file start-v4.cif (mmCIF, C-alpha atoms)
data_data
loop_
_atom_site.group_PDB
_atom_site.id
_atom_site.type_symbol
_atom_site.label_atom_id
_atom_site.label_comp_id
_atom_site.auth_asym_id
_atom_site.auth_seq_id
_atom_site.Cartn_x
_atom_site.Cartn_y
_atom_site.Cartn_z
ATOM 1 C CA MET A 793 0.000 0.000 0.000
ATOM 2 C CA ILE A 794 2.786 2.377 0.821
ATOM 3 C CA ASP A 795 4.156 2.292 -2.730
ATOM 4 C CA ILE A 796 0.673 2.989 -4.070
ATOM 5 C CA VAL A 797 0.592 5.989 -1.763
ATOM 6 C CA GLU A 798 3.877 7.100 -3.287
ATOM 7 C CA ILE A 799 2.448 6.767 -6.807
ATOM 8 C CA LEU A 800 -0.607 8.818 -5.880
ATOM 9 C CA THR A 801 1.453 11.443 -4.074
ATOM 10 C CA HIS A 802 3.696 12.034 -7.084
ATOM 11 C CA TRP A 803 0.748 11.943 -9.484
ATOM 12 C CA TYR A 804 -1.126 14.488 -7.365
ATOM 13 C CA ALA A 805 1.951 16.732 -7.383
ATOM 14 C CA GLY A 806 1.616 16.999 -11.166
ATOM 15 C CA ARG A 807 4.273 14.603 -12.406
ATOM 16 C CA SER A 808 3.552 12.997 -15.772
ATOM 17 C CA GLN A 809 3.180 9.251 -16.225
ATOM 18 C CA HIS A 810 6.447 9.235 -18.137
ATOM 19 C CA GLU A 811 8.244 10.844 -15.186
ATOM 20 C CA LEU A 812 6.554 8.494 -12.708
ATOM 21 C CA ALA A 813 7.451 5.417 -14.713
ATOM 22 C CA ALA A 814 11.088 6.507 -14.968
ATOM 23 C CA SER A 815 11.566 7.517 -11.316
ATOM 24 C CA LEU A 816 9.493 4.841 -9.561
ATOM 25 C CA GLY A 817 10.233 1.928 -11.885
ATOM 26 C CA VAL A 818 6.536 1.211 -12.497
ATOM 27 C CA ASP A 819 5.050 0.707 -15.969
ATOM 28 C CA ARG A 820 2.339 3.063 -17.235
ATOM 29 C CA LYS A 821 -0.352 0.380 -17.165
ATOM 30 C CA THR A 822 0.213 -0.073 -13.435
ATOM 31 C CA LEU A 823 0.196 3.697 -12.926
ATOM 32 C CA ARG A 824 -3.156 4.027 -14.709
ATOM 33 C CA LYS A 825 -4.563 1.186 -12.605
ATOM 34 C CA TYR A 826 -3.731 2.843 -9.288
ATOM 35 C CA THR A 827 -4.562 6.412 -10.283
ATOM 36 C CA ALA A 828 -7.885 5.470 -11.927
ATOM 37 C CA PRO A 829 -9.930 5.531 -8.645
ATOM 38 C CA ALA A 830 -8.606 9.008 -7.849
ATOM 39 C CA VAL A 831 -9.520 10.250 -11.322
ATOM 40 C CA ALA A 832 -12.972 8.636 -11.094
ATOM 41 C CA ALA A 833 -13.510 10.316 -7.704
ATOM 42 C CA GLY A 834 -12.823 13.712 -9.272
ATOM 43 C CA TRP A 835 -9.289 14.220 -7.924
ATOM 44 C CA GLU A 836 -6.998 16.278 -10.120
ATOM 45 C CA PRO A 837 -3.266 17.035 -9.782
ATOM 46 C CA GLY A 838 -2.535 20.278 -7.994
ATOM 47 C CA GLY A 839 -5.599 20.188 -5.727
ATOM 48 C CA PRO A 840 -5.756 20.929 -1.993
ATOM 49 C CA PRO A 841 -2.841 19.546 0.078
ATOM 50 C CA MET A 842 -3.101 15.861 0.983
ATOM 51 C CA ALA A 843 -1.095 14.203 3.746
ATOM 52 C CA GLU A 844 0.316 10.698 3.404
ATOM 53 C CA ALA A 845 -2.183 9.472 6.000
ATOM 54 C CA ASP A 846 -5.036 10.797 3.853
ATOM 55 C CA TRP A 847 -3.814 8.893 0.830
ATOM 56 C CA ARG A 848 -3.299 5.780 2.937
ATOM 57 C CA ALA A 849 -6.928 5.873 4.064
ATOM 58 C CA LEU A 850 -8.139 6.292 0.482
ATOM 59 C CA VAL A 851 -5.937 3.426 -0.736
ATOM 60 C CA CYS A 852 -7.414 1.157 1.938
ATOM 61 C CA GLU A 853 -10.854 2.131 0.674
ATOM 62 C CA TRP A 854 -10.063 1.774 -3.030
ATOM 63 C CA PHE A 855 -7.891 -1.355 -2.736
ATOM 64 C CA PRO A 856 -9.040 -3.240 0.387
ATOM 65 C CA ALA A 857 -7.183 -6.389 -0.672
ATOM 66 C CA LEU A 858 -3.906 -4.483 -0.397
ATOM 67 C CA ALA A 859 -4.395 -3.238 3.167
ATOM 68 C CA ASP A 860 -1.335 -5.258 4.179
ATOM 69 C CA THR A 861 1.194 -5.320 1.361
ATOM 70 C CA ARG A 862 4.437 -5.475 3.313
ATOM 71 C CA LEU A 863 5.778 -8.200 1.015
ATOM 72 C CA ARG A 864 4.472 -6.573 -2.158
ATOM 73 C CA GLN A 865 6.484 -3.371 -2.043
ATOM 74 C CA VAL A 866 7.929 -3.013 -5.534
ATOM 75 C CA SER A 867 11.026 -1.066 -4.476
ATOM 76 C CA TRP A 868 11.828 -2.697 -1.120
ATOM 77 C CA PRO A 869 13.555 -5.815 -2.552
ATOM 78 C CA VAL A 870 16.284 -3.610 -4.082
ATOM 79 C CA ILE A 871 16.770 -1.793 -0.756
ATOM 80 C CA GLU A 872 16.960 -4.924 1.417
ATOM 81 C CA PRO A 873 20.493 -5.993 0.306
ATOM 82 C CA HIS A 874 21.799 -2.716 1.764
ATOM 83 C CA ARG A 875 20.282 -3.308 5.229
ATOM 84 C CA ASP A 876 23.587 -3.472 7.116
ATOM 85 C CA TYR A 877 24.944 -0.383 5.355
ATOM 86 C CA ILE A 878 21.764 1.608 6.053
ATOM 87 C CA HIS A 879 21.737 0.481 9.690
ATOM 88 C CA GLY A 880 25.347 1.536 10.161
ATOM 89 C CA GLN A 881 24.810 4.905 8.501
ATOM 90 C CA LEU A 882 21.752 5.652 10.644
ATOM 91 C CA LYS A 883 23.689 4.774 13.806
ATOM 92 C CA ALA A 884 26.393 7.207 12.677
ATOM 93 C CA GLY A 885 23.801 9.966 12.434
ATOM 94 C CA VAL A 886 23.570 10.119 8.636
ATOM 95 C CA THR A 887 20.192 11.306 7.324
ATOM 96 C CA ALA A 888 17.991 9.193 5.047
ATOM 97 C CA ALA A 889 18.444 11.707 2.222
ATOM 98 C CA THR A 890 22.233 11.413 2.384
ATOM 99 C CA ILE A 891 22.085 7.610 2.646
ATOM 100 C CA HIS A 892 19.849 7.507 -0.418
ATOM 101 C CA GLN A 893 22.204 9.744 -2.391
ATOM 102 C CA ARG A 894 25.222 7.612 -1.462
ATOM 103 C CA LEU A 895 23.422 4.365 -2.373
ATOM 104 C CA ALA A 896 22.312 5.824 -5.698
ATOM 105 C CA ASP A 897 25.773 7.168 -6.551
ATOM 106 C CA GLU A 898 27.907 4.313 -5.252
ATOM 107 C CA HIS A 899 25.653 1.257 -5.624
ATOM 108 C CA GLY A 900 23.187 2.253 -8.354
ATOM 109 C CA LEU A 901 20.127 2.060 -6.108
ATOM 110 C CA GLU A 902 16.955 2.535 -8.184
ATOM 111 C CA ALA A 903 14.456 3.534 -5.502
ATOM 112 C CA SER A 904 13.219 6.929 -4.387
ATOM 113 C CA VAL A 905 14.251 8.566 -1.129
ATOM 114 C CA ALA A 906 10.604 8.336 0.005
ATOM 115 C CA SER A 907 10.678 4.543 -0.482
ATOM 116 C CA LEU A 908 13.921 4.336 1.505
ATOM 117 C CA ARG A 909 12.409 6.326 4.389
ATOM 118 C CA ARG A 910 9.365 4.056 4.481
ATOM 119 C CA TRP A 911 11.550 0.935 4.317
ATOM 120 C CA VAL A 912 13.533 2.241 7.291
ATOM 121 C CA ARG A 913 10.385 2.966 9.318
ATOM 122 C CA ALA A 914 9.021 -0.523 8.601
ATOM 123 C CA ASN A 915 12.206 -2.592 8.897
ATOM 124 C CA LEU A 916 14.474 -0.627 11.250
ATOM 125 C CA PRO A 917 11.963 1.173 13.491
ATOM 126 C CA GLU A 918 14.183 1.364 16.590
ATOM 127 C CA THR A 919 17.160 2.651 14.622
ATOM 128 C CA ALA A 920 14.925 5.153 12.848
ATOM 129 C CA LEU A 921 13.613 6.479 16.163
ATOM 130 C CA ARG A 922 17.119 6.770 17.608
ATOM 131 C CA SER A 923 18.257 8.667 14.528
ATOM 132 C CA GLN A 924 15.522 11.248 15.151
ATOM 133 C CA VAL A 925 16.898 12.138 18.574
ATOM 134 C CA THR A 926 18.598 15.522 18.444
ATOM 135 C CA VAL A 927 21.726 15.913 20.557
ATOM 136 C CA LEU A 928 22.361 19.545 21.403
ATOM 137 C CA ARG A 929 25.913 20.661 20.802
ATOM 138 C CA ASP A 930 27.806 23.773 21.746
ATOM 139 C CA ALA A 931 27.298 26.536 19.191
ATOM 140 C CA PRO A 932 30.363 26.897 16.932
ATOM 141 C CA PRO A 933 32.225 30.214 16.878
ATOM 142 C CA PRO A 934 30.835 32.908 14.563
ATOM 143 C CA GLY A 935 31.923 32.355 10.980
ATOM 144 C CA GLU A 936 32.983 28.743 11.637
ATOM 145 C CA HIS A 937 30.594 27.127 9.183
ATOM 146 C CA ALA A 938 27.281 27.383 7.359
ATOM 147 C CA GLN A 939 24.821 24.596 6.523
ATOM 148 C CA ILE A 940 23.365 24.262 3.015
ATOM 149 C CA ASP A 941 20.280 22.417 1.825
ATOM 150 C CA TYR A 942 17.652 22.373 -0.911
ATOM 151 C CA GLY A 943 13.921 22.014 -0.201
ATOM 152 C CA LYS A 944 10.876 21.828 -2.421
ATOM 153 C CA LEU A 945 8.507 24.782 -1.981
ATOM 154 C CA GLY A 946 5.744 23.426 -4.221
ATOM 155 C CA MET A 947 4.403 23.600 -7.771
ATOM 156 C CA TRP A 948 3.986 26.830 -9.756
ATOM 157 C CA PHE A 949 2.208 27.503 -13.039
ATOM 158 C CA ASP A 950 4.702 29.104 -15.397
ATOM 159 C CA PRO A 951 2.815 31.496 -17.705
ATOM 160 C CA ALA A 952 5.757 31.601 -20.108
ATOM 161 C CA SER A 953 5.781 27.858 -20.798
ATOM 162 C CA GLY A 954 2.159 27.112 -19.917
ATOM 163 C CA ARG A 955 3.078 24.240 -17.607
ATOM 164 C CA ARG A 956 3.525 23.517 -13.926
ATOM 165 C CA ARG A 957 7.067 23.606 -12.580
ATOM 166 C CA ALA A 958 8.605 22.634 -9.283
ATOM 167 C CA VAL A 959 9.932 25.538 -7.215
ATOM 168 C CA TRP A 960 12.929 24.784 -4.992
ATOM 169 C CA ALA A 961 14.594 26.773 -2.242
ATOM 170 C CA PHE A 962 18.350 27.051 -1.758
ATOM 171 C CA VAL A 963 18.912 27.546 1.983
ATOM 172 C CA MET A 964 22.092 28.559 3.777
ATOM 173 C CA VAL A 965 22.056 28.786 7.583
ATOM 174 C CA LEU A 966 24.841 30.147 9.776
ATOM 175 C CA ALA A 967 25.482 27.485 12.416
ATOM 176 C CA CYS A 968 26.304 29.946 15.200
ATOM 177 C CA CYS A 969 23.284 32.262 15.122
ATOM 178 C CA ARG A 970 20.908 30.282 12.810
ATOM 179 C CA HIS A 971 20.603 33.343 10.573
ATOM 180 C CA MET A 972 19.080 32.102 7.303
ATOM 181 C CA PHE A 973 19.321 32.987 3.605
ATOM 182 C CA VAL A 974 16.697 31.559 1.213
ATOM 183 C CA ARG A 975 16.728 31.814 -2.587
ATOM 184 C CA PRO A 976 13.796 30.328 -4.601
ATOM 185 C CA THR A 977 14.870 28.713 -7.873
ATOM 186 C CA LEU A 978 13.440 26.667 -10.719
ATOM 187 C CA ARG A 979 16.711 24.867 -11.413
ATOM 188 C CA MET A 980 19.341 23.082 -9.364
ATOM 189 C CA ASP A 981 22.335 23.265 -11.680
ATOM 190 C CA GLN A 982 25.884 24.537 -11.298
ATOM 191 C CA ALA A 983 25.035 28.075 -12.434
ATOM 192 C CA GLU A 984 22.211 28.426 -9.903
ATOM 193 C CA TRP A 985 24.351 26.814 -7.193
ATOM 194 C CA THR A 986 27.101 29.375 -7.769
ATOM 195 C CA ALA A 987 24.721 32.344 -8.027
ATOM 196 C CA ALA A 988 22.969 31.311 -4.793
ATOM 197 C CA HIS A 989 26.304 31.205 -2.938
ATOM 198 C CA VAL A 990 27.332 34.625 -4.230
ATOM 199 C CA GLU A 991 24.025 36.146 -3.104
ATOM 200 C CA ALA A 992 24.186 34.368 0.265
ATOM 201 C CA PHE A 993 27.696 35.659 0.971
ATOM 202 C CA ALA A 994 26.608 39.185 0.016
ATOM 203 C CA PHE A 995 23.553 38.840 2.267
ATOM 204 C CA PHE A 996 25.659 37.713 5.249
ATOM 205 C CA GLY A 997 28.416 40.170 4.483
ATOM 206 C CA GLY A 998 31.139 37.543 4.523
ATOM 207 C CA VAL A 999 32.143 33.950 3.720
ATOM 208 C CA PRO A 1000 32.011 31.158 6.370
ATOM 209 C CA ALA A 1001 35.179 29.128 6.874
ATOM 210 C CA ARG A 1002 33.393 25.899 5.937
ATOM 211 C CA LEU A 1003 30.237 25.007 4.014
ATOM 212 C CA VAL A 1004 28.402 21.854 5.093
ATOM 213 C CA PRO A 1005 25.863 20.602 2.484
ATOM 214 C CA GLU A 1006 23.045 18.295 3.560
ATOM 215 C CA ASN A 1007 21.481 17.120 0.288
ATOM 216 C CA VAL A 1008 23.309 18.470 -2.740
ATOM 217 C CA PRO A 1009 22.042 17.419 -6.211
ATOM 218 C CA ARG A 1010 24.352 14.892 -7.828
ATOM 219 C CA ASN A 1011 25.021 17.026 -10.912
ATOM 220 C CA ILE A 1012 26.478 19.738 -8.637
ATOM 221 C CA PHE A 1013 28.396 17.304 -6.418
ATOM 222 C CA ARG A 1014 30.163 15.838 -9.453
ATOM 223 C CA VAL A 1015 31.372 19.290 -10.412
ATOM 224 C CA LEU A 1016 33.025 19.668 -6.996
ATOM 225 C CA TRP A 1017 34.635 16.236 -7.217
ATOM 226 C CA PRO A 1018 37.400 15.538 -9.789
ATOM 227 C CA ALA A 1019 36.635 16.665 -13.314
ATOM 228 C CA PRO A 1020 39.680 18.467 -14.538
ATOM 229 C CA LEU A 1021 38.735 21.760 -12.901
ATOM 230 C CA CYS A 1022 40.575 24.955 -13.868
ATOM 231 C CA GLY A 1023 42.812 23.018 -16.243
ATOM 232 C CA ARG A 1024 43.963 20.556 -13.578
ATOM 233 C CA GLY A 1025 44.242 17.040 -14.936
ATOM 234 C CA SER A 1026 44.813 15.449 -11.541
ATOM 235 C CA THR A 1027 42.211 13.074 -10.123
ATOM 236 C CA THR A 1028 42.785 14.539 -6.658
ATOM 237 C CA PRO A 1029 39.647 16.314 -5.329
ATOM 238 C CA VAL A 1030 39.900 20.090 -5.484
ATOM 239 C CA ALA A 1031 39.076 22.022 -2.300
ATOM 240 C CA VAL A 1032 36.976 19.186 -0.883
ATOM 241 C CA VAL A 1033 37.125 17.734 2.621
ATOM 242 C CA VAL A 1034 34.866 14.844 3.614
ATOM 243 C CA ASP A 1035 34.177 15.255 7.296
ATOM 244 C CA GLY A 1036 31.559 13.237 9.159
ATOM 245 C CA PRO A 1037 28.048 12.162 8.026
ATOM 246 C CA ALA A 1038 27.634 15.131 5.680
ATOM 247 C CA GLY A 1039 30.301 16.223 3.229
ATOM 248 C CA SER A 1040 32.153 19.276 4.527
ATOM 249 C CA PHE A 1041 33.474 21.596 1.844
ATOM 250 C CA SER A 1042 36.433 23.790 2.676
ATOM 251 C CA ALA A 1043 36.252 27.448 1.651
ATOM 252 C CA THR A 1044 39.911 27.416 0.570
#
call {"tool": "encode", "arguments": {"input": "start-v4.cif", "output": "structure tokens"}}
result
Amino acid sequence: MIDIVEILTHWYAGRSQHELAASLGVDRKTLRKYTAPAVAAGWEPGGPPMAEADWRALVCEWFPALADTRLRQVSWPVIEPHRDYIHGQLKAGVTAATIHQRLADEHGLEASVASLRRWVRANLPETALRSQVTVLRDAPPPGEHAQIDYGKLGMWFDPASGRRRAVWAFVMVLACCRHMFVRPTLRMDQAEWTAAHVEAFAFFGGVPARLVPENVPRNIFRVLWPAPLCGRGSTTPVAVVVDGPAGSFSAT
């Protein structure tokens, strides 16, 4: 049932069947089967916000035979072989988003981050709960480091193209005072990444000693890792320091 909820959630967010089939690994016939009750009930993408619990209740109503589908999850079998790795990463304090990115990059995992989170809640509940405990630490000195993340703000109708587009937010937070810079964007590429940093540094009036990204898009991460940058042919990473659960990028 949980994977059906994922299908409906992405469909309701306005993603096309082609995008759903590519990202979730489900054929279009299956997608039409599980979105048909929502369409028949008058639901349309982009409607009022729906929580996962709401979709779960509707799925139980529309597909009562699938009320317990723990063994039928289409993406869980590809996650299961990485159980020990996921368990170890969670114990080390690594977030699900970072674990998913590492599995996708290093092991070719073909499952969404939402599926990974649900697999963790169902199969490693105690570890998942422990990973949610926040341990307060002493505030770092001013200017020591800033934390970077991307978050989805929602869908927006673009009058220029006549279609709905996802709007993302680049966020940089100073670790000492929690002062925050937010830049909405329609793209998460190298140009936007660079422009967002320049504006953030101008907003703060300075550059932190270290930048700690939480969930950087892979196309940007590969630019920071060897690619002959600035004419350098060496395979040695340029200005990159891996430090702890999240990658820590030096400002030098």
call {"tool": "atom_distance", "arguments": {"input": "start-v4.cif", "atom1": "atom CA of A:Val886", "atom2": "atom CA of A:Asn915"}}
result
17.1 Å
call {"tool": "atom_distance", "arguments": {"input": "start-v4.cif", "atom1": "atom CA of A:Leu908", "atom2": "atom CA of A:Ala888"}}
result
7.3 Å
call {"tool": "resolve_selection", "arguments": {"input": "start-v4.cif", "expression": "the PyMOL selection byres ((chain A and resi 802) around 12)", "output": "compact mmCIF listing (two decimals) with C-alpha atoms, keeping the file's coordinate frame"}}
result
# COMPACT_ATOMS: atom_id res chain seq x y z
CA ASP A 795 4.16 2.29 -2.73
CA ILE A 796 0.67 2.99 -4.07
CA VAL A 797 0.59 5.99 -1.76
CA GLU A 798 3.88 7.10 -3.29
CA ILE A 799 2.45 6.77 -6.81
CA LEU A 800 -0.61 8.82 -5.88
CA THR A 801 1.45 11.44 -4.07
CA TRP A 803 0.75 11.94 -9.48
CA TYR A 804 -1.13 14.49 -7.36
CA ALA A 805 1.95 16.73 -7.38
CA GLY A 806 1.62 17.00 -11.17
CA ARG A 807 4.27 14.60 -12.41
CA SER A 808 3.55 13.00 -15.77
CA GLN A 809 3.18 9.25 -16.23
CA HIS A 810 6.45 9.24 -18.14
CA GLU A 811 8.24 10.84 -15.19
CA LEU A 812 6.55 8.49 -12.71
CA ALA A 813 7.45 5.42 -14.71
CA SER A 815 11.57 7.52 -11.32
CA LEU A 816 9.49 4.84 -9.56
CA LEU A 823 0.20 3.70 -12.93
CA THR A 827 -4.56 6.41 -10.28
CA GLU A 836 -7.00 16.28 -10.12
CA PRO A 837 -3.27 17.04 -9.78
CA GLY A 838 -2.54 20.28 -7.99
CA MET A 842 -3.10 15.86 0.98
CA GLU A 844 0.32 10.70 3.40
CA TRP A 847 -3.81 8.89 0.83
CA SER A 904 13.22 6.93 -4.39
CA ALA A 906 10.60 8.34 0.00
CA GLY A 946 5.74 23.43 -4.22
CA MET A 947 4.40 23.60 -7.77
CA ALA A 958 8.60 22.63 -9.28
call {"tool": "closest_residue", "arguments": {"input": "start-v4.cif", "among": "A:Glu991, A:Asp897, A:Glu902, A:Glu1006", "to": "A:Gly943", "atoms": "only C-alpha atoms"}}
result
A:Glu1006
call {"tool": "atom_distance", "arguments": {"input": "start-v4.cif", "atom1": "atom CA of A:Ala1001", "atom2": "atom CA of A:Val959"}}
result
29.1 Å
call {"tool": "residues_around", "arguments": {"input": "start-v4.cif", "residues": "A:His899", "least_positions_apart": "3", "cutoff": "12 Å", "atoms": "all atoms listed in the file", "output": "number ranges by chain"}}
result
A: 870-871, 873-874, 877, 891-896, 902-903
call {"tool": "resolve_selection", "arguments": {"input": "start-v4.cif", "expression": "the PyMOL selection byres ((chain A and resi 992) around 12)", "output": "VMD selection string"}}
result
chain A and resid 938 to 940 962 to 966 971 to 975 984 to 991 993 to 1000 1003
call {"tool": "write_last_selection", "arguments": {"input": "start-v4.cif", "atoms": "C-alpha atoms", "output": "PDB file, in the coordinates of the input"}}
result
ATOM      1  CA  ALA A 938      27.281  27.383   7.359  1.00  0.00           C
ATOM      2  CA  GLN A 939      24.821  24.596   6.523  1.00  0.00           C
ATOM      3  CA  ILE A 940      23.365  24.262   3.015  1.00  0.00           C
ATOM      4  CA  PHE A 962      18.350  27.051  -1.758  1.00  0.00           C
ATOM      5  CA  VAL A 963      18.912  27.546   1.983  1.00  0.00           C
ATOM      6  CA  MET A 964      22.092  28.559   3.777  1.00  0.00           C
ATOM      7  CA  VAL A 965      22.056  28.786   7.583  1.00  0.00           C
ATOM      8  CA  LEU A 966      24.841  30.147   9.776  1.00  0.00           C
ATOM      9  CA  HIS A 971      20.603  33.343  10.573  1.00  0.00           C
ATOM     10  CA  MET A 972      19.080  32.102   7.303  1.00  0.00           C
ATOM     11  CA  PHE A 973      19.321  32.987   3.605  1.00  0.00           C
ATOM     12  CA  VAL A 974      16.697  31.559   1.213  1.00  0.00           C
ATOM     13  CA  ARG A 975      16.728  31.814  -2.587  1.00  0.00           C
ATOM     14  CA  GLU A 984      22.211  28.426  -9.903  1.00  0.00           C
ATOM     15  CA  TRP A 985      24.351  26.814  -7.193  1.00  0.00           C
ATOM     16  CA  THR A 986      27.101  29.375  -7.769  1.00  0.00           C
ATOM     17  CA  ALA A 987      24.721  32.344  -8.027  1.00  0.00           C
ATOM     18  CA  ALA A 988      22.969  31.311  -4.793  1.00  0.00           C
ATOM     19  CA  HIS A 989      26.304  31.205  -2.938  1.00  0.00           C
ATOM     20  CA  VAL A 990      27.332  34.625  -4.230  1.00  0.00           C
ATOM     21  CA  GLU A 991      24.025  36.146  -3.104  1.00  0.00           C
ATOM     22  CA  PHE A 993      27.696  35.659   0.971  1.00  0.00           C
ATOM     23  CA  ALA A 994      26.608  39.185   0.016  1.00  0.00           C
ATOM     24  CA  PHE A 995      23.553  38.840   2.267  1.00  0.00           C
ATOM     25  CA  PHE A 996      25.659  37.713   5.249  1.00  0.00           C
ATOM     26  CA  GLY A 997      28.416  40.170   4.483  1.00  0.00           C
ATOM     27  CA  GLY A 998      31.139  37.543   4.523  1.00  0.00           C
ATOM     28  CA  VAL A 999      32.143  33.950   3.720  1.00  0.00           C
ATOM     29  CA  PRO A1000      32.011  31.158   6.370  1.00  0.00           C
ATOM     30  CA  LEU A1003      30.237  25.007   4.014  1.00  0.00           C
TER      31      LEU A1003
END
call {"tool": "axis_aligned_box", "arguments": {"input": "start-v4.cif", "around": "stretch 900-918 of chain A", "padding_each_side": "8 Å", "output": "lines of an AutoDock Vina configuration file"}}
result
center_x = 16.1
center_y = 3.0
center_z = 4.1
size_x = 30.2
size_y = 27.2
size_z = 40.9
call {"tool": "closest_residue", "arguments": {"input": "start-v4.cif", "among": "A:Ala814, A:Val912, A:Cys969, A:Leu945", "to": "A:Pro932", "atoms": "only C-alpha atoms"}}
result
A:Cys969
call {"tool": "closest_residue", "arguments": {"input": "start-v4.cif", "among": "A:Pro841, A:Pro1005, A:Pro934, A:Gly954", "to": "A:Arg970", "atoms": "all atoms listed in the file"}}
result
A:Pro934
call {"tool": "closest_residue", "arguments": {"input": "start-v4.cif", "among": "A:Pro829, A:Gly900, A:Pro869, A:Gly834", "to": "A:Trp854", "atoms": "only C-alpha atoms"}}
result
A:Pro829
